file target16.pdb (PDB, C-alpha atoms)
ATOM      1  CA  MET F   1      87.647-111.963 -43.606  1.00  0.00           C
ATOM      2  CA  ILE F   2      87.984-115.735 -43.782  1.00  0.00           C
ATOM      3  CA  ALA F   3      85.355-117.819 -42.002  1.00  0.00           C
ATOM      4  CA  LEU F   4      86.720-120.972 -40.383  1.00  0.00           C
ATOM      5  CA  ILE F   5      83.855-123.393 -39.821  1.00  0.00           C
ATOM      6  CA  ASP F   6      83.540-124.861 -36.331  1.00  0.00           C
ATOM      7  CA  TYR F   7      81.295-127.927 -36.188  1.00  0.00           C
ATOM      8  CA  GLY F   8      83.110-129.607 -33.309  1.00  0.00           C
ATOM      9  CA  SER F   9      86.053-130.988 -35.289  1.00  0.00           C
ATOM     10  CA  GLY F  10      89.281-131.470 -33.367  1.00  0.00           C
ATOM     11  CA  ASN F  11      91.791-129.617 -35.541  1.00  0.00           C
ATOM     12  CA  LEU F  12      90.165-126.185 -35.589  1.00  0.00           C
ATOM     13  CA  ARG F  13      92.831-124.420 -33.533  1.00  0.00           C
ATOM     14  CA  SER F  14      95.772-125.607 -35.614  1.00  0.00           C
ATOM     15  CA  ALA F  15      94.015-124.428 -38.781  1.00  0.00           C
ATOM     16  CA  GLN F  16      93.223-121.093 -37.140  1.00  0.00           C
ATOM     17  CA  LYS F  17      96.830-120.588 -36.022  1.00  0.00           C
ATOM     18  CA  ALA F  18      98.191-121.410 -39.470  1.00  0.00           C
ATOM     19  CA  LEU F  19      95.781-118.999 -41.192  1.00  0.00           C
ATOM     20  CA  LEU F  20      96.660-116.239 -38.746  1.00  0.00           C
ATOM     21  CA  LYS F  21     100.352-116.897 -39.392  1.00  0.00           C
ATOM     22  CA  VAL F  22      99.921-116.174 -43.110  1.00  0.00           C
ATOM     23  CA  GLY F  23      98.067-112.939 -42.420  1.00  0.00           C
ATOM     24  CA  ALA F  24      94.409-113.936 -42.598  1.00  0.00           C
ATOM     25  CA  ASP F  25      91.660-112.160 -40.699  1.00  0.00           C
ATOM     26  CA  VAL F  26      90.023-115.300 -39.286  1.00  0.00           C
ATOM     27  CA  HIS F  27      86.549-115.503 -37.784  1.00  0.00           C
ATOM     28  CA  ILE F  28      85.130-118.706 -36.306  1.00  0.00           C
ATOM     29  CA  ALA F  29      81.829-119.624 -37.967  1.00  0.00           C
ATOM     30  CA  GLN F  30      79.195-121.697 -36.161  1.00  0.00           C
ATOM     31  CA  ARG F  31      76.019-120.423 -37.872  1.00  0.00           C
ATOM     32  CA  PRO F  32      75.014-119.502 -41.433  1.00  0.00           C
ATOM     33  CA  VAL F  33      74.998-115.796 -40.557  1.00  0.00           C
ATOM     34  CA  ASP F  34      78.717-116.079 -39.782  1.00  0.00           C
ATOM     35  CA  LEU F  35      79.408-116.698 -43.475  1.00  0.00           C
ATOM     36  CA  ALA F  36      77.521-113.663 -44.730  1.00  0.00           C
ATOM     37  CA  ASN F  37      80.421-111.211 -44.863  1.00  0.00           C
ATOM     38  CA  ALA F  38      83.217-113.714 -45.475  1.00  0.00           C
ATOM     39  CA  ARG F  39      85.376-113.462 -48.567  1.00  0.00           C
ATOM     40  CA  ALA F  40      86.361-117.118 -48.190  1.00  0.00           C
ATOM     41  CA  VAL F  41      85.448-120.162 -46.127  1.00  0.00           C
ATOM     42  CA  VAL F  42      87.689-122.923 -44.785  1.00  0.00           C
ATOM     43  CA  LEU F  43      86.068-126.225 -43.783  1.00  0.00           C
ATOM     44  CA  PRO F  44      88.597-128.263 -41.770  1.00  0.00           C
ATOM     45  CA  GLY F  45      87.942-131.790 -40.614  1.00  0.00           C
ATOM     46  CA  VAL F  46      89.088-134.840 -38.743  1.00  0.00           C
ATOM     47  CA  GLY F  47      87.124-137.986 -37.962  1.00  0.00           C
ATOM     48  CA  ALA F  48      84.271-139.625 -39.812  1.00  0.00           C
ATOM     49  CA  PHE F  49      82.389-138.411 -42.904  1.00  0.00           C
ATOM     50  CA  ASP F  50      78.919-138.939 -41.405  1.00  0.00           C
ATOM     51  CA  ASP F  51      79.840-137.108 -38.193  1.00  0.00           C
ATOM     52  CA  CYS F  52      80.969-134.115 -40.232  1.00  0.00           C
ATOM     53  CA  ILE F  53      77.832-134.039 -42.406  1.00  0.00           C
ATOM     54  CA  HIS F  54      75.418-134.505 -39.493  1.00  0.00           C
ATOM     55  CA  ALA F  55      77.138-131.793 -37.431  1.00  0.00           C
ATOM     56  CA  LEU F  56      77.001-129.354 -40.351  1.00  0.00           C
ATOM     57  CA  GLU F  57      73.310-130.163 -40.869  1.00  0.00           C
ATOM     58  CA  LYS F  58      72.562-129.652 -37.185  1.00  0.00           C
ATOM     59  CA  GLN F  59      74.065-126.153 -37.356  1.00  0.00           C
ATOM     60  CA  ALA F  60      72.317-125.411 -40.698  1.00  0.00           C
ATOM     61  CA  LEU F  61      75.779-125.037 -42.245  1.00  0.00           C
ATOM     62  CA  LEU F  62      75.486-127.720 -44.920  1.00  0.00           C
ATOM     63  CA  GLU F  63      73.127-125.723 -47.128  1.00  0.00           C
ATOM     64  CA  ALA F  64      74.909-122.513 -46.115  1.00  0.00           C
ATOM     65  CA  CYS F  65      78.152-123.955 -47.537  1.00  0.00           C
ATOM     66  CA  ARG F  66      76.392-124.890 -50.784  1.00  0.00           C
ATOM     67  CA  GLN F  67      75.001-121.367 -51.145  1.00  0.00           C
ATOM     68  CA  PHE F  68      78.363-119.817 -50.287  1.00  0.00           C
ATOM     69  CA  ILE F  69      80.062-121.846 -53.030  1.00  0.00           C
ATOM     70  CA  LYS F  70      77.313-120.884 -55.494  1.00  0.00           C
ATOM     71  CA  SER F  71      78.057-117.227 -54.731  1.00  0.00           C
ATOM     72  CA  GLY F  72      81.474-117.673 -56.354  1.00  0.00           C
ATOM     73  CA  ARG F  73      83.471-116.908 -53.237  1.00  0.00           C
ATOM     74  CA  LEU F  74      86.487-119.043 -52.365  1.00  0.00           C
ATOM     75  CA  PHE F  75      86.085-122.291 -50.449  1.00  0.00           C
ATOM     76  CA  LEU F  76      88.764-124.603 -49.082  1.00  0.00           C
ATOM     77  CA  GLY F  77      87.982-128.074 -47.719  1.00  0.00           C
ATOM     78  CA  ILE F  78      90.644-129.869 -45.658  1.00  0.00           C
ATOM     79  CA  CYS F  79      90.768-133.640 -45.018  1.00  0.00           C
ATOM     80  CA  VAL F  80      87.184-134.631 -44.090  1.00  0.00           C
ATOM     81  CA  GLY F  81      86.241-131.152 -45.305  1.00  0.00           C
ATOM     82  CA  TYR F  82      87.546-132.274 -48.718  1.00  0.00           C
ATOM     83  CA  GLN F  83      85.596-135.526 -48.567  1.00  0.00           C
ATOM     84  CA  ALA F  84      82.409-133.667 -47.602  1.00  0.00           C
ATOM     85  CA  LEU F  85      82.424-131.934 -50.994  1.00  0.00           C
ATOM     86  CA  PHE F  86      81.598-135.238 -52.707  1.00  0.00           C
ATOM     87  CA  GLU F  87      78.287-137.062 -53.032  1.00  0.00           C
ATOM     88  CA  LYS F  88      78.746-139.931 -50.602  1.00  0.00           C
ATOM     89  CA  SER F  89      81.189-142.052 -48.625  1.00  0.00           C
ATOM     90  CA  GLU F  90      81.721-145.781 -48.139  1.00  0.00           C
ATOM     91  CA  GLU F  91      82.970-145.172 -44.594  1.00  0.00           C
ATOM     92  CA  PHE F  92      81.201-147.314 -41.962  1.00  0.00           C
ATOM     93  CA  ASN F  93      78.304-148.020 -44.386  1.00  0.00           C
ATOM     94  CA  SER F  94      77.683-144.285 -44.557  1.00  0.00           C
ATOM     95  CA  CYS F  95      74.215-143.164 -45.552  1.00  0.00           C
ATOM     96  CA  ALA F  96      74.771-139.401 -45.253  1.00  0.00           C
ATOM     97  CA  ALA F  97      74.691-137.360 -48.453  1.00  0.00           C
ATOM     98  CA  GLY F  98      77.653-135.042 -48.913  1.00  0.00           C
ATOM     99  CA  LEU F  99      77.603-131.511 -50.299  1.00  0.00           C
ATOM    100  CA  GLY F 100      77.605-132.891 -53.847  1.00  0.00           C
ATOM    101  CA  ILE F 101      79.778-130.076 -55.214  1.00  0.00           C
ATOM    102  CA  PHE F 102      82.015-132.694 -56.833  1.00  0.00           C
ATOM    103  CA  GLN F 103      80.712-135.931 -58.343  1.00  0.00           C
ATOM    104  CA  GLY F 104      82.159-139.138 -56.949  1.00  0.00           C
ATOM    105  CA  SER F 105      82.411-141.035 -53.688  1.00  0.00           C
ATOM    106  CA  VAL F 106      84.837-141.461 -50.813  1.00  0.00           C
ATOM    107  CA  VAL F 107      86.502-144.884 -50.622  1.00  0.00           C
ATOM    108  CA  ARG F 108      88.917-146.766 -48.364  1.00  0.00           C
ATOM    109  CA  PHE F 109      92.460-147.699 -49.273  1.00  0.00           C
ATOM    110  CA  SER F 110      92.293-151.120 -50.914  1.00  0.00           C
ATOM    111  CA  LYS F 111      95.810-151.798 -52.198  1.00  0.00           C
ATOM    112  CA  THR F 112      98.294-150.754 -49.546  1.00  0.00           C
ATOM    113  CA  ASN F 113     100.960-153.377 -50.329  1.00  0.00           C
ATOM    114  CA  GLY F 114     101.505-153.996 -46.638  1.00  0.00           C
ATOM    115  CA  LEU F 115     101.375-150.297 -45.686  1.00  0.00           C
ATOM    116  CA  LYS F 116      99.409-149.408 -42.568  1.00  0.00           C
ATOM    117  CA  VAL F 117      95.958-147.878 -42.757  1.00  0.00           C
ATOM    118  CA  PRO F 118      95.343-145.131 -41.812  1.00  0.00           C
ATOM    119  CA  GLN F 119      98.121-143.368 -43.630  1.00  0.00           C
ATOM    120  CA  ILE F 120      99.713-141.181 -40.958  1.00  0.00           C
ATOM    121  CA  GLY F 121     102.702-139.060 -41.854  1.00  0.00           C
ATOM    122  CA  TRP F 122     104.471-137.319 -44.710  1.00  0.00           C
ATOM    123  CA  ASN F 123     103.992-138.168 -48.363  1.00  0.00           C
ATOM    124  CA  GLN F 124     104.691-136.550 -51.715  1.00  0.00           C
ATOM    125  CA  LEU F 125     102.547-134.540 -54.084  1.00  0.00           C
ATOM    126  CA  GLU F 126     102.546-135.025 -57.830  1.00  0.00           C
ATOM    127  CA  ILE F 127     101.187-131.729 -59.120  1.00  0.00           C
ATOM    128  CA  VAL F 128      98.784-132.560 -61.959  1.00  0.00           C
ATOM    129  CA  LEU F 129      97.388-129.047 -62.441  1.00  0.00           C
ATOM    130  CA  PRO F 130     100.371-126.675 -62.156  1.00  0.00           C
ATOM    131  CA  LYS F 131      98.076-123.761 -63.047  1.00  0.00           C
ATOM    132  CA  CYS F 132      96.100-124.317 -59.815  1.00  0.00           C
ATOM    133  CA  PRO F 133      96.616-121.091 -57.829  1.00  0.00           C
ATOM    134  CA  LEU F 134      96.858-123.017 -54.554  1.00  0.00           C
ATOM    135  CA  PHE F 135     100.154-124.578 -55.647  1.00  0.00           C
ATOM    136  CA  GLN F 136     101.958-121.463 -56.830  1.00  0.00           C
ATOM    137  CA  GLY F 137     105.480-121.536 -55.380  1.00  0.00           C
ATOM    138  CA  VAL F 138     105.181-125.214 -54.411  1.00  0.00           C
ATOM    139  CA  GLU F 139     107.607-127.636 -56.020  1.00  0.00           C
ATOM    140  CA  ASN F 140     106.448-130.872 -57.590  1.00  0.00           C
ATOM    141  CA  GLY F 141     107.333-133.730 -55.238  1.00  0.00           C
ATOM    142  CA  SER F 142     106.888-131.637 -52.096  1.00  0.00           C
ATOM    143  CA  TYR F 143     106.021-133.485 -48.904  1.00  0.00           C
ATOM    144  CA  VAL F 144     102.806-132.799 -46.966  1.00  0.00           C
ATOM    145  CA  TYR F 145     101.180-134.369 -43.905  1.00  0.00           C
ATOM    146  CA  PHE F 146      98.352-136.914 -44.111  1.00  0.00           C
ATOM    147  CA  VAL F 147      96.094-138.637 -41.558  1.00  0.00           C
ATOM    148  CA  HIS F 148      93.389-140.700 -43.299  1.00  0.00           C
ATOM    149  CA  SER F 149      92.012-144.119 -44.196  1.00  0.00           C
ATOM    150  CA  PHE F 150      89.605-142.866 -46.877  1.00  0.00           C
ATOM    151  CA  PHE F 151      89.936-140.606 -49.902  1.00  0.00           C
ATOM    152  CA  PRO F 152      87.644-139.273 -52.656  1.00  0.00           C
ATOM    153  CA  LYS F 153      87.501-140.771 -56.141  1.00  0.00           C
ATOM    154  CA  PRO F 154      86.380-137.874 -58.350  1.00  0.00           C
ATOM    155  CA  ALA F 155      84.157-138.864 -61.274  1.00  0.00           C
ATOM    156  CA  ASP F 156      85.707-135.988 -63.249  1.00  0.00           C
ATOM    157  CA  SER F 157      89.471-136.493 -63.475  1.00  0.00           C
ATOM    158  CA  SER F 158      89.950-132.903 -64.687  1.00  0.00           C
ATOM    159  CA  ILE F 159      89.436-131.554 -61.139  1.00  0.00           C
ATOM    160  CA  VAL F 160      92.361-133.562 -59.712  1.00  0.00           C
ATOM    161  CA  ALA F 161      95.040-131.022 -58.784  1.00  0.00           C
ATOM    162  CA  THR F 162      97.554-133.387 -57.175  1.00  0.00           C
ATOM    163  CA  LYS F 163      98.037-137.127 -56.885  1.00  0.00           C
ATOM    164  CA  THR F 164      99.784-139.116 -54.167  1.00  0.00           C
ATOM    165  CA  ASN F 165     100.756-142.765 -53.972  1.00  0.00           C
ATOM    166  CA  TYR F 166     100.191-144.888 -50.874  1.00  0.00           C
ATOM    167  CA  GLY F 167      99.968-148.430 -52.145  1.00  0.00           C
ATOM    168  CA  GLU F 168      97.654-146.985 -54.808  1.00  0.00           C
ATOM    169  CA  THR F 169      97.478-143.575 -56.442  1.00  0.00           C
ATOM    170  CA  PHE F 170      94.730-141.273 -55.179  1.00  0.00           C
ATOM    171  CA  ALA F 171      93.565-137.685 -55.683  1.00  0.00           C
ATOM    172  CA  SER F 172      95.248-135.838 -52.824  1.00  0.00           C
ATOM    173  CA  SER F 173      93.695-132.499 -53.800  1.00  0.00           C
ATOM    174  CA  ALA F 174      91.084-131.082 -56.151  1.00  0.00           C
ATOM    175  CA  TRP F 175      90.255-127.746 -57.734  1.00  0.00           C
ATOM    176  CA  LYS F 176      87.337-126.445 -59.739  1.00  0.00           C
ATOM    177  CA  ASP F 177      86.532-122.754 -60.179  1.00  0.00           C
ATOM    178  CA  ASN F 178      86.301-121.234 -56.687  1.00  0.00           C
ATOM    179  CA  VAL F 179      86.538-124.539 -54.779  1.00  0.00           C
ATOM    180  CA  PHE F 180      89.831-125.959 -53.526  1.00  0.00           C
ATOM    181  CA  ALA F 181      90.262-129.061 -51.395  1.00  0.00           C
ATOM    182  CA  THR F 182      93.108-131.107 -49.930  1.00  0.00           C
ATOM    183  CA  GLN F 183      93.150-134.581 -48.378  1.00  0.00           C
ATOM    184  CA  PHE F 184      96.347-133.630 -46.550  1.00  0.00           C
ATOM    185  CA  HIS F 185      96.552-131.078 -43.746  1.00  0.00           C
ATOM    186  CA  PRO F 186      98.165-127.806 -44.895  1.00  0.00           C
ATOM    187  CA  GLU F 187      98.102-126.545 -41.290  1.00  0.00           C
ATOM    188  CA  LYS F 188     100.379-129.463 -40.309  1.00  0.00           C
ATOM    189  CA  SER F 189     102.565-129.398 -43.427  1.00  0.00           C
ATOM    190  CA  GLN F 190     105.043-126.753 -42.280  1.00  0.00           C
ATOM    191  CA  LYS F 191     106.548-124.523 -44.994  1.00  0.00           C
ATOM    192  CA  VAL F 192     104.691-126.114 -47.922  1.00  0.00           C
ATOM    193  CA  GLY F 193     101.354-125.997 -46.104  1.00  0.00           C
ATOM    194  CA  LEU F 194     101.826-122.377 -45.098  1.00  0.00           C
ATOM    195  CA  GLN F 195     102.585-121.505 -48.735  1.00  0.00           C
ATOM    196  CA  LEU F 196      99.291-123.127 -49.794  1.00  0.00           C
ATOM    197  CA  LEU F 197      97.331-121.241 -47.151  1.00  0.00           C
ATOM    198  CA  LYS F 198      99.117-118.000 -48.037  1.00  0.00           C
ATOM    199  CA  ASN F 199      98.132-118.511 -51.683  1.00  0.00           C
ATOM    200  CA  PHE F 200      94.507-119.082 -50.627  1.00  0.00           C
ATOM    201  CA  VAL F 201      94.442-115.968 -48.441  1.00  0.00           C
ATOM    202  CA  THR F 202      96.035-113.889 -51.217  1.00  0.00           C
ATOM    203  CA  LEU F 203      93.366-115.093 -53.660  1.00  0.00           C
ATOM    204  CA  ALA F 204      90.629-114.220 -51.178  1.00  0.00           C
ATOM    205  CA  ASN F 205      91.976-110.701 -50.863  1.00  0.00           C
TER
END

call {"tool": "encode", "arguments": {"input": "target16.pdb", "output": "structure tokens"}}
result
Amino acid sequence: MIALIDYGSGNLRSAQKALLKVGADVHIAQRPVDLANARAVVLPGVGAFDDCIHALEKQALLEACRQFIKSGRLFLGICVGYQALFEKSEEFNSCAAGLGIFQGSVVRFSKTNGLKVPQIGWNQLEIVLPKCPLFQGVENGSYVYFVHSFFPKPADSSIVATKTNYGETFASSAWKDNVFATQFHPEKSQKVGLQLLKNFVTLAN
């Protein structure tokens, strides 16, 4: 069973549909008890960093996510769910503390060379860690779908699984042990995104 965390984020249904399409047994999680029997957790996200953190805290899911990750079970953060894994964000003078699973902070695009912010649309992946199980069967240079103005800057470059360039090069996904995270939206990335989610579900099983 894969627990899909519902904290009021807008893209829950598209993530649920994509996971179901690749054969996952998906349960919506709104309380810590909903994670108890899960083999994996997916934390999707759209919107602001602080809104995500405060909503998770309100539902007692912030600490529940930390404990779930400590248990060694698989965790996937998507978009703001990726950013939430870091220590802090510069978004809107944020003062919320993230999960702190990864060291580093979330920053805004600074060098876009005339490109619009937020980045909305398709962009390429440079696979930095080809051994990352999430990217098995995915070709280097594949296109995925992004919607974001901010992105994490990991303090530890060894966790960067893919890089993407949008005026500047940023870490478009990360991987360490049982934790995977993507700045792009696999559930909106068609064939490539479904392959990623299928790989995650296969690992969980």

call {"tool": "residues_near_point", "arguments": {"input": "target16.pdb", "point": "(87.7, -130.1, -37.7)", "cutoff": "10 Å", "atoms": "all atoms listed in the file", "output": "list in words"}}
result
Leu4, Ile5, Asp6, Tyr7, Gly8, Ser9, Gly10, Asn11, Leu12, Arg13, Ser14, Ala15, Leu43, Pro44, Gly45, Val46, Gly47, Cys52, Ile78, Cys79, Val80 and Gly81 of chain F

call {"tool": "write_last_selection", "arguments": {"input": "target16.pdb", "atoms": "C-alpha atoms", "output": "tab-separated table (two decimals), keeping the file's coordinate frame"}}
result
chain	number	residue	atom	x	y	z
F	4	LEU	CA	86.72	-120.97	-40.38
F	5	ILE	CA	83.86	-123.39	-39.82
F	6	ASP	CA	83.54	-124.86	-36.33
F	7	TYR	CA	81.30	-127.93	-36.19
F	8	GLY	CA	83.11	-129.61	-33.31
F	9	SER	CA	86.05	-130.99	-35.29
F	10	GLY	CA	89.28	-131.47	-33.37
F	11	ASN	CA	91.79	-129.62	-35.54
F	12	LEU	CA	90.16	-126.18	-35.59
F	13	ARG	CA	92.83	-124.42	-33.53
F	14	SER	CA	95.77	-125.61	-35.61
F	15	ALA	CA	94.02	-124.43	-38.78
F	43	LEU	CA	86.07	-126.22	-43.78
F	44	PRO	CA	88.60	-128.26	-41.77
F	45	GLY	CA	87.94	-131.79	-40.61
F	46	VAL	CA	89.09	-134.84	-38.74
F	47	GLY	CA	87.12	-137.99	-37.96
F	52	CYS	CA	80.97	-134.12	-40.23
F	78	ILE	CA	90.64	-129.87	-45.66
F	79	CYS	CA	90.77	-133.64	-45.02
F	80	VAL	CA	87.18	-134.63	-44.09
F	81	GLY	CA	86.24	-131.15	-45.30

call {"tool": "resolve_selection", "arguments": {"input": "target16.pdb", "expression": "the PyMOL selection byres ((chain F and resi 83) around 12)", "output": "PyMOL selection string"}}
result
chain F and resi 43-53+76-82+84-91+96-108+148-154+171-174+180-184

call {"tool": "residues_around", "arguments": {"input": "target16.pdb", "residues": "F:Glu139", "least_positions_apart": "4", "cutoff": "10 Å", "atoms": "all atoms listed in the file", "output": "list in words"}}
result
Leu125, Glu126, Ile127, Pro130, Phe135, Tyr143 and Val192 of chain F

call {"tool": "resolve_selection", "arguments": {"input": "target16.pdb", "expression": "the PyMOL selection byres ((chain F and resi 59) around 8)", "output": "short mmCIF file (atom, residue, chain, number, x, y, z; two decimals) with C-alpha atoms, in the frame of the given file"}}
result
data_model
loop_
_atom_site.label_atom_id
_atom_site.label_comp_id
_atom_site.auth_asym_id
_atom_site.auth_seq_id
_atom_site.Cartn_x
_atom_site.Cartn_y
_atom_site.Cartn_z
CA TYR F 7 81.30 -127.93 -36.19
CA GLN F 30 79.19 -121.70 -36.16
CA ARG F 31 76.02 -120.42 -37.87
CA PRO F 32 75.01 -119.50 -41.43
CA ALA F 55 77.14 -131.79 -37.43
CA LEU F 56 77.00 -129.35 -40.35
CA GLU F 57 73.31 -130.16 -40.87
CA LYS F 58 72.56 -129.65 -37.18
CA ALA F 60 72.32 -125.41 -40.70
CA LEU F 61 75.78 -125.04 -42.24
CA LEU F 62 75.49 -127.72 -44.92
#

call {"tool": "resolve_selection", "arguments": {"input": "target16.pdb", "expression": "the PyMOL selection byres ((chain F and resi 35) around 12)", "output": "VMD selection string"}}
result
chain F and resid 1 to 6 26 to 34 36 to 43 60 to 69 71 73 to 75

call {"tool": "axis_aligned_box", "arguments": {"input": "target16.pdb", "around": "stretch 60-75 of chain F", "padding_each_side": "6 Å", "output": "AutoDock Vina command-line options"}}
result
--center_x 79.4 --center_y -122.3 --center_z -48.5 --size_x 26.2 --size_y 22.8 --size_z 27.7

call {"tool": "closest_residue", "arguments": {"input": "target16.pdb", "among": "F:Leu134, F:Lys21, F:Phe146, F:Val128", "to": "F:Phe200", "atoms": "only C-alpha atoms"}}
result
F:Leu134

call {"tool": "atom_distance", "arguments": {"input": "target16.pdb", "atom1": "atom CA of F:Lys17", "atom2": "atom CA of F:Ser189"}}
result
12.9 Å

call {"tool": "decode", "arguments": {"input": "target16.pdb", "residues": "stretch 99-115 of chain F", "atoms": "N, CA, C and O atoms", "output": "PDB file, in the first residue's frame"}}
result
ATOM      1  N   LEU F  99      11.386  19.742   6.676  1.00  0.00           N
ATOM      2  CA  LEU F  99      11.599  18.439   7.302  1.00  0.00           C
ATOM      3  C   LEU F  99      13.063  18.240   7.706  1.00  0.00           C
ATOM      4  O   LEU F  99      13.347  17.502   8.639  1.00  0.00           O
ATOM      5  N   GLY F 100      13.979  18.891   6.993  1.00  0.00           N
ATOM      6  CA  GLY F 100      15.390  18.788   7.342  1.00  0.00           C
ATOM      7  C   GLY F 100      16.016  17.438   7.039  1.00  0.00           C
ATOM      8  O   GLY F 100      17.058  17.095   7.603  1.00  0.00           O
ATOM      9  N   ILE F 101      15.402  16.676   6.156  1.00  0.00           N
ATOM     10  CA  ILE F 101      15.976  15.378   5.747  1.00  0.00           C
ATOM     11  C   ILE F 101      17.231  15.618   4.920  1.00  0.00           C
ATOM     12  O   ILE F 101      18.225  14.907   5.047  1.00  0.00           O
ATOM     13  N   PHE F 102      17.172  16.618   4.040  1.00  0.00           N
ATOM     14  CA  PHE F 102      18.320  17.037   3.251  1.00  0.00           C
ATOM     15  C   PHE F 102      18.798  18.405   3.749  1.00  0.00           C
ATOM     16  O   PHE F 102      17.969  19.260   4.070  1.00  0.00           O
ATOM     17  N   GLN F 103      20.092  18.615   3.768  1.00  0.00           N
ATOM     18  CA  GLN F 103      20.637  19.919   4.134  1.00  0.00           C
ATOM     19  C   GLN F 103      20.603  20.849   2.918  1.00  0.00           C
ATOM     20  O   GLN F 103      20.847  20.418   1.792  1.00  0.00           O
ATOM     21  N   GLY F 104      20.301  22.118   3.177  1.00  0.00           N
ATOM     22  CA  GLY F 104      20.230  23.086   2.102  1.00  0.00           C
ATOM     23  C   GLY F 104      18.940  23.882   2.178  1.00  0.00           C
ATOM     24  O   GLY F 104      18.070  23.609   3.013  1.00  0.00           O
ATOM     25  N   SER F 105      18.821  24.871   1.300  1.00  0.00           N
ATOM     26  CA  SER F 105      17.635  25.720   1.315  1.00  0.00           C
ATOM     27  C   SER F 105      17.027  25.820  -0.083  1.00  0.00           C
ATOM     28  O   SER F 105      17.650  25.461  -1.087  1.00  0.00           O
ATOM     29  N   VAL F 106      15.805  26.321  -0.110  1.00  0.00           N
ATOM     30  CA  VAL F 106      15.060  26.483  -1.354  1.00  0.00           C
ATOM     31  C   VAL F 106      15.183  27.938  -1.795  1.00  0.00           C
ATOM     32  O   VAL F 106      14.917  28.847  -1.015  1.00  0.00           O
ATOM     33  N   VAL F 107      15.595  28.143  -3.041  1.00  0.00           N
ATOM     34  CA  VAL F 107      15.875  29.492  -3.547  1.00  0.00           C
ATOM     35  C   VAL F 107      15.080  29.777  -4.816  1.00  0.00           C
ATOM     36  O   VAL F 107      14.569  28.863  -5.457  1.00  0.00           O
ATOM     37  N   ARG F 108      15.010  31.048  -5.180  1.00  0.00           N
ATOM     38  CA  ARG F 108      14.296  31.469  -6.387  1.00  0.00           C
ATOM     39  C   ARG F 108      15.252  31.519  -7.574  1.00  0.00           C
ATOM     40  O   ARG F 108      16.444  31.746  -7.407  1.00  0.00           O
ATOM     41  N   PHE F 109      14.714  31.304  -8.761  1.00  0.00           N
ATOM     42  CA  PHE F 109      15.525  31.499  -9.957  1.00  0.00           C
ATOM     43  C   PHE F 109      16.112  32.909  -9.935  1.00  0.00           C
ATOM     44  O   PHE F 109      15.405  33.886  -9.705  1.00  0.00           O
ATOM     45  N   SER F 110      17.406  33.007 -10.206  1.00  0.00           N
ATOM     46  CA  SER F 110      18.050  34.326 -10.211  1.00  0.00           C
ATOM     47  C   SER F 110      18.562  34.712 -11.596  1.00  0.00           C
ATOM     48  O   SER F 110      18.537  35.874 -11.967  1.00  0.00           O
ATOM     49  N   LYS F 111      19.022  33.734 -12.362  1.00  0.00           N
ATOM     50  CA  LYS F 111      19.566  34.017 -13.687  1.00  0.00           C
ATOM     51  C   LYS F 111      18.708  33.322 -14.737  1.00  0.00           C
ATOM     52  O   LYS F 111      18.987  32.181 -15.104  1.00  0.00           O
ATOM     53  N   THR F 112      17.686  33.979 -15.196  1.00  0.00           N
ATOM     54  CA  THR F 112      16.796  33.317 -16.163  1.00  0.00           C
ATOM     55  C   THR F 112      17.072  33.736 -17.603  1.00  0.00           C
ATOM     56  O   THR F 112      16.460  33.216 -18.525  1.00  0.00           O
ATOM     57  N   ASN F 113      17.997  34.693 -17.792  1.00  0.00           N
ATOM     58  CA  ASN F 113      18.351  35.133 -19.145  1.00  0.00           C
ATOM     59  C   ASN F 113      17.122  35.484 -19.974  1.00  0.00           C
ATOM     60  O   ASN F 113      17.006  35.105 -21.142  1.00  0.00           O
ATOM     61  N   GLY F 114      16.197  36.198 -19.338  1.00  0.00           N
ATOM     62  CA  GLY F 114      14.994  36.622 -20.050  1.00  0.00           C
ATOM     63  C   GLY F 114      13.865  35.609 -20.047  1.00  0.00           C
ATOM     64  O   GLY F 114      12.783  35.883 -20.561  1.00  0.00           O
ATOM     65  N   LEU F 115      14.100  34.420 -19.486  1.00  0.00           N
ATOM     66  CA  LEU F 115      13.047  33.396 -19.409  1.00  0.00           C
ATOM     67  C   LEU F 115      12.043  33.775 -18.321  1.00  0.00           C
ATOM     68  O   LEU F 115      12.408  34.384 -17.317  1.00  0.00           O
TER      69      LEU F 115
END
